[in-house]
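Asks: Structure provided below as structure tokens; questions to follow.
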Protein chains: 2
Amino acid sequence: MGMVKLYDTTLRDGTQSEDISFLLEDKIRIAHRLDESGIHYIEGGWPGSNPKDVAFFKEIKKEKLSQAKIAAFGSTRRAKVTPDKDNNIITLIKAEPDVITIFGKTWDFHVREALRISLEENLELINDSLIHLKKNAPEVFYDAEHFFDGYKANPEYAIKTLQAAEDAKVDCIVLCDTNGGTMPFEVAEIIKAVKKQIKTPLGIHTHNDGECAVANSLVAVNEGIVQIQGTINGFGERCGNANLCSIIPALKLKMKRDCINEEQLRKMRDLSRFVYELANFSPPKHQAYVGNAAFAHKGGVHVSAIQRHPETYEHIRPELVGNCTRVLISDLSGRSNILAKAEEFNINLDSKDPVTLEILDNIKEMEHRGFQFEGAEASFELLMKRALGTHKKFFSIIGFRVIDEKRHEDQKVISEATVMVKVGGKIEHTAAEGNGPVNALDNALRKALEKFYPRLKEMRLLDYKVRVLPGGQGTASVIRVLIESGDKESRWGTVGVSDNIIDASYQALIDGIEYKLDKVEE
Amino acid sequence: MGMVKLYDTTLRDGTQSEDISFLLEDKIRIAHRLDESGIHYIEGGWPGSNPKDVAFFKEIKKEKLSQAKIAAFGSTRRAKVTPDKDNNIITLIKAEPDVITIFGKTWDFHVREALRISLEENLELINDSLIHLKKNAPEVFYDAEHFFDGYKANPEYAIKTLQAAEDAKVDCIVLCDTNGGTMPFEVAEIIKAVKKQIKTPLGIHTHNDGECAVANSLVAVNEGIVQIQGTINGFGERCGNANLCSIIPALKLKMKRDCINEEQLRKMRDLSRFVYELANFSPPKHQAYVGNAAFAHKGGVHVSAIQRHPETYEHIRPELVGNCTRVLISDLSGRSNILAKAEEFNINLDSKDPVTLEILDNIKEMEHRGFQFEGAEASFELLMKRALGTHKKFFSIIGFRVIDEKRHEDQKVISEATVMVKVGGKIEHTAAEGNGPVNALDNALRKALEKFYPRLKEMRLLDYKVRVLPGGQGTASVIRVLIESGDKESRWGTVGVSDNIIDASYQALIDGIEYKLDKVEE
């Protein structure tokens, strides 16, 4: 089974999503990461359309990549111009990428209505643009835009457009499901028909408008295509592009196709999260292969079975993609879930102990109020310790006050927090400012407690998430705050819930601090 | 082409997702909605496993459904017990549903390791459980658990388990891809093989671990299955179940299969959002068919083409599923996007006017700072009016102060806001409490301004969303607040961005109030 090449368009098609945009530095970092991950082609942008993209191609030349090739994207020449005089084509060649990929019209309807030229002219336009590019770039790919819809509308003409590309001796002809609506069995049928008439290696570029982009790509590989175009995490406009993070593991582990190596595959989850981070996106929990919940089992029954035979409920071993089996804490949890979780924290719970039942009830009640312990396992651990009576009370917070003030119309809001804490018999009363009330409160709490516990200085607030759980009217809802804290060795999550955002943040901050002090004790 | 029956398991398999749980009242409401939407079977729960589910079957009997049938889920009998004495089976029959669906083991591995019985005993267990149920319920379905994996491991045995069900004369045999890892071409092949040996109508139940659940379901229909099991919005554990909201439109519009009627299909988006609301979930923007971005086009080029010929870039007409084409505002926006948006607000922008360019620059700069106008179109409109000089300044906020105080360890946090506003030459200085600082500030602002503009009383805060955009350390990040306000006639969204959550909320609140006052003026 031959190798399948991976062509990433996160930096071009991915950025057409309304909520994704990358700074130049981010694009360079992502390109390096893609290169390390074994991605063969990195489409860096559309220099003829986005002036900012010209800078990418200039910068990436200064970088050292281990194996990936850089591709620039553009379109066939305009109608009344020769390729050597077409601005878009000139810009593409000037960018000096390793690969130039241009798209052209396949659907007779588009040729007539959008380009307003004859069907014959369109074939010339495809052919001579590609011939010109082949003389001026090491590798040239042709993206047959709207291929499947065009084929369904007028199969003979659609094939002619591919032949126009084949005659120009392009290196790969990529069949694009631009509208994203083609169904898997249609993709199979159409590719079979194309392969009877076209000998050039084929690629596939799908969109997720029918929630079939990944499936369509895999079906296409099964029919003999050798290049898959997609994006990390399926970024892209409308419903997204084909998600390479879902395609690559299936390609390698299930279809046994050579694409990236095992070590690179093990870093798939890291790659996914890295790109989310740069895109300022929360990774969706339920994402295939790499999501937090992808191998997370709920419901007491499953968990015991999984612990004995993981292949019972897991379609692949999660470690192969850098993920792991998780036991979820929830109100469907049977005793086995709680016990398994406690074991992870080295807490010995007797399954017949009424305290275990009490913890279970506590969890259900807190969840009804809005608590979520996934991502806040430090709060869960503290909950168990408090129930078992093994938690040491390191301090009392006697009270606090947070003031946010805007003195004049043009003045920024200033936030200041005052706290009073008690440790042993001693009281510490201090104040701090911050960017916002929660930051001020966090600064003041730590300032006060560091006097007694200097090791709190090692602790940093790493992430702060707020979720408003609708309870009726806007700001009178229940607010859940998830905080991630960390020191040099580890990171831990804590949670707080209240209808008051300061109170919710306070709960999560206190748990974070108590967890650190527990760690220091041990 | 025959009818395909839709079997919804949102209330059972859907709730195995860690973040989904429904109260009894919610389940009844969802059942009604599913019934109105034309869903043929509603799986209400697993009474033998979850005592709370027993209540559902009791309650739903009191309700009047127009066509849907209620199904109860459970398992084959335990090994050493006859069906009439098996608790799970007794509970199923007692629930008196229209349909009983039980699952049984297909994979020889599971029979030996999980059930610890012989392969022959398992066949008896499947057969006599179903025979017993057929005598005691109007319709009985058999879910062949792990069917595709079981077939790959031992095809002869897997078929035997189906034959055991067929011999019991079940009404439908559902092939389940329980681990969610089967690929679309495998599904097609295996179903072809099954159909040669099994004459009973077949169903399909897929999971999304490979991001192929929808595709696998459609492929299965193409191979002749007549029942699809899935959930609304693809809810379910791990990566979710097959998403009925993506399957139904494809079934009806592309595969031309009878399932629900056109009017019900037009309500697909409403159904999706209704279930998200009850589940306390933010609808994902990029969801196929029904997501806000599903027909949202970015990039100046596409937009002009779409306005002329929508079928150019849309795989279906969005109105058919209750959605619509949207023009996005973003920093890739060409003039045509801004002009189209302005038109929606009845603002006449001259495309050659330097003010249009200024608005464009403003938008890009604000987006870089974290603003997002999608969902905050009232802020966008105010931005344009302020740039055009057509916005009336209704009030000045001279200053405000918000105090959040926790006086004792056990006392709740109390929030109080003081504001000073100026209208004409007159100053109003007042205070208000609230659940949290933002609610207090909102109450105080409106209390002060209602003295001058009594119609502000008609306005309510409907939704409040906070997003922390990572900028480095936790609480020192940029915070974006999206607020939705409304009165009896309409709803409008506003946005605020700052590193201070109070400031960000304040900006969004002020825009919301100004927008209302603009409306009152007109």
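Numbering starts fresh at 1 for the residues of each chain in the structure tokens, the chains themselves are lettered A, B, ... in the order given, and ligands are numbered from 1 as they appear.
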Would you list the contacts of segment 199-208 of chain A as a PyMOL selection string, taking every protein, DNA or RNA residue within 9 Å and counting only C-alpha atoms, but skipping same-chain residues closer than 3 positions in sequence?

Replies: (chain A and resi 5+143+166+169-182+194-196+211-214+216-217+220-221+224-230+234+236-243) or (chain B and resi 287-288)

Asks: Which polymer residues have any atom within 10 Å of an atom of Leu92 of chain B, counting only C-alpha atoms, with same-chain residues fewer than 6 positions away left out, as a ChimeraX atom specification?

Replies: /B:46-48,54,57,71-75,99-102,133,136-137

Asks: Any idea what's packed within 9 Å of Tyr506 of chain B, counting only C-alpha atoms, ignoring anything in its chain fewer than 3 positions away? Could you give it as number ranges by chain?

Replies: B: 438, 441-442, 496, 501-503, 509-511

Asks: For chain B versus chain A, which residues have an atom no more than 6 Å away, and what is each residue's nearest atom pair and distance in Å rounded to one decimal, using only C-alpha atoms, chain-then-number order, as a tab-separated table?

Replies:
residue	atom	partner	partner_atom	distance
B:Asn179	CA	A:His315	CA	5.4
B:Gly181	CA	A:His315	CA	5.2
B:Asp209	CA	A:Ala288	CA	5.1
B:Gly210	CA	A:Ala288	CA	5.8
B:Glu211	CA	A:Ala288	CA	5.9
B:Cys212	CA	A:Ala215	CA	5.4
B:Ala215	CA	A:Cys212	CA	5.4
B:Arg238	CA	A:Ala294	CA	4.4
B:Cys239	CA	A:His286	CA	4.5
B:His286	CA	A:Cys239	CA	4.5
B:Gln287	CA	A:Cys239	CA	5.9
B:Ala288	CA	A:Asp209	CA	5.1
B:Ala293	CA	A:Arg238	CA	4.9
B:Ala294	CA	A:Arg238	CA	4.4
B:Phe295	CA	A:Arg238	CA	5.8
B:Ala296	CA	A:Arg238	CA	5.6
B:Tyr313	CA	A:Asn179	CA	5.6
B:Glu314	CA	A:Asn179	CA	5.8
B:His315	CA	A:Gly181	CA	5.2
B:Ile397	CA	A:Glu409	CA	5.9
B:Ile398	CA	A:Glu409	CA	5.1
B:Gly399	CA	A:Arg407	CA	4.7
B:Phe400	CA	A:Lys406	CA	5.2
B:Arg401	CA	A:Glu405	CA	4.3
B:Val402	CA	A:Asp404	CA	5.0
B:Ile403	CA	A:Ile403	CA	4.5
B:Asp404	CA	A:Val402	CA	5.0
B:Glu405	CA	A:Arg401	CA	4.3
B:Lys406	CA	A:Gly399	CA	5.1
B:Arg407	CA	A:Gly399	CA	4.7
B:His408	CA	A:Gly399	CA	5.1
B:Glu409	CA	A:Ile398	CA	5.1
B:Val413	CA	A:Asp503	CA	5.9
B:Asn435	CA	A:Asn500	CA	5.4
B:Gly436	CA	A:Asn500	CA	4.0
B:Asn439	CA	A:Thr475	CA	5.2
B:Leu461	CA	A:Gly474	CA	5.1
B:Leu462	CA	A:Gly474	CA	4.6
B:Asp463	CA	A:Gly474	CA	4.1
B:Tyr464	CA	A:Gly474	CA	4.9
B:Gln473	CA	A:Leu462	CA	5.3
B:Gly474	CA	A:Asp463	CA	4.1
B:Thr475	CA	A:Asn439	CA	5.2
B:Ala476	CA	A:Asn435	CA	5.8
B:Asn500	CA	A:Gly436	CA	4.0
B:Ile501	CA	A:Gly436	CA	5.8
B:Asp503	CA	A:Val413	CA	6.0

Asks: State, in Å with one decimal place, the distance from atom CA of Ser129 of chain A to atom CA of Thr82 of chain A.

Replies: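 About the pair atom CA of Ser129 of chain A and atom CA of Thr82 of chain A: they are 8.1 Å apart.
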
Asks: How many Å separate atom CA of Asn346 of chain A from atom CA of Ala378 of chain A?

Replies: 12.9 Å

Asks: Enter the distance from atom CA of Tyr41 of chain B to atom CA of Leu271 of chain B, in Å, rounded to one decimal.

Replies: 15.9 Å

Asks: So that I can see what lies close to Asp518 of chain B, please list as a list in words the residues with an atom at most 8 Å from it, counting only C-alpha atoms and leaving out residues fewer than 4 positions away in the same chain.

Replies: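 Counting only C-alpha atoms, the residues come to Lys392, Glu514 and Glu522 of chain B.
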
Asks: Using all heavy atoms, can you export the residues from the last selection as a compact mmCIF listing (two decimals), in the first residue's frame?

Replies:
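Listing of out-v7.txt after writing:
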# COMPACT_ATOMS: atom_id res chain seq x y z
N LYS B 392 -26.84 59.60 18.32
CA LYS B 392 -27.12 60.60 19.32
C LYS B 392 -26.58 60.16 20.67
O LYS B 392 -26.71 58.99 21.06
CB LYS B 392 -28.65 60.78 19.41
CG LYS B 392 -29.10 61.71 20.52
CD LYS B 392 -30.61 61.89 20.51
CE LYS B 392 -31.02 62.71 21.75
NZ LYS B 392 -32.47 62.90 21.82
N GLU B 514 -27.74 51.93 24.87
CA GLU B 514 -27.76 52.92 23.80
C GLU B 514 -28.57 52.42 22.61
O GLU B 514 -29.30 53.17 21.96
CB GLU B 514 -26.33 53.28 23.37
CG GLU B 514 -25.59 54.07 24.42
CD GLU B 514 -24.40 54.84 23.86
OE1 GLU B 514 -23.76 54.33 22.91
OE2 GLU B 514 -24.12 55.93 24.39
N GLU B 522 -36.52 56.00 17.04
CA GLU B 522 -37.02 55.80 15.68
C GLU B 522 -38.51 55.46 15.60
O GLU B 522 -39.21 55.39 16.57
CB GLU B 522 -36.23 54.68 15.00
CG GLU B 522 -34.81 55.12 14.64
CD GLU B 522 -33.85 53.95 14.46
OE1 GLU B 522 -34.35 52.81 14.28
OE2 GLU B 522 -32.64 54.17 14.51

Asks: Pick out each residue of segment 402-462 of chain B that DSSP on the backbone tags as helix (DSSP H, G or I); I need them as a list in words.

Replies: Pro437, Val438, Asn439, Ala440, Leu441, Asp442, Asn443, Ala444, Leu445, Arg446, Lys447, Ala448, Leu449, Glu450, Pro454, Arg455, Leu456, Lys457 and Glu458 of chain B

Asks: Using only C-alpha atoms, please write the residues we just selected to a file, as a PDB file, in the first residue's frame.

Replies:
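File again.pdb, as written:
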ATOM      1  CA  PRO B 437     -20.829  42.783  40.329  1.00  0.00           C
ATOM      2  CA  VAL B 438     -22.129  42.834  36.756  1.00  0.00           C
ATOM      3  CA  ASN B 439     -25.740  42.384  37.781  1.00  0.00           C
ATOM      4  CA  ALA B 440     -25.304  45.113  40.415  1.00  0.00           C
ATOM      5  CA  LEU B 441     -23.788  47.482  37.832  1.00  0.00           C
ATOM      6  CA  ASP B 442     -26.562  46.739  35.350  1.00  0.00           C
ATOM      7  CA  ASN B 443     -29.210  47.376  38.001  1.00  0.00           C
ATOM      8  CA  ALA B 444     -27.618  50.657  39.067  1.00  0.00           C
ATOM      9  CA  LEU B 445     -27.146  51.943  35.499  1.00  0.00           C
ATOM     10  CA  ARG B 446     -30.724  51.257  34.613  1.00  0.00           C
ATOM     11  CA  LYS B 447     -32.060  52.623  37.871  1.00  0.00           C
ATOM     12  CA  ALA B 448     -30.217  55.891  37.167  1.00  0.00           C
ATOM     13  CA  LEU B 449     -31.120  56.163  33.493  1.00  0.00           C
ATOM     14  CA  GLU B 450     -34.753  55.068  33.857  1.00  0.00           C
ATOM     15  CA  PRO B 454     -38.607  55.420  31.481  1.00  0.00           C
ATOM     16  CA  ARG B 455     -38.840  53.144  28.431  1.00  0.00           C
ATOM     17  CA  LEU B 456     -35.646  51.459  29.556  1.00  0.00           C
ATOM     18  CA  LYS B 457     -37.928  49.544  31.905  1.00  0.00           C
ATOM     19  CA  GLU B 458     -39.039  47.476  28.889  1.00  0.00           C
TER      20      GLU B 458
END

Asks: At a cut-off of 10 Å, using only C-alpha atoms, what residues contact Ile159 of chain B? Leave out same-chain residues fewer than 5 positions from it and give the result as a PyMOL selection string.

Replies: chain B and resi 106+144+147+150-151+154+164-165+193-194+197-198

Asks: Give me every strand (DSSP E) residue in segment 396-520 of chain A, going by DSSP on the backbone, as a PyMOL selection string.

Replies: chain A and resi 396-406+414-423+426-434+460-469+478-486+491-498
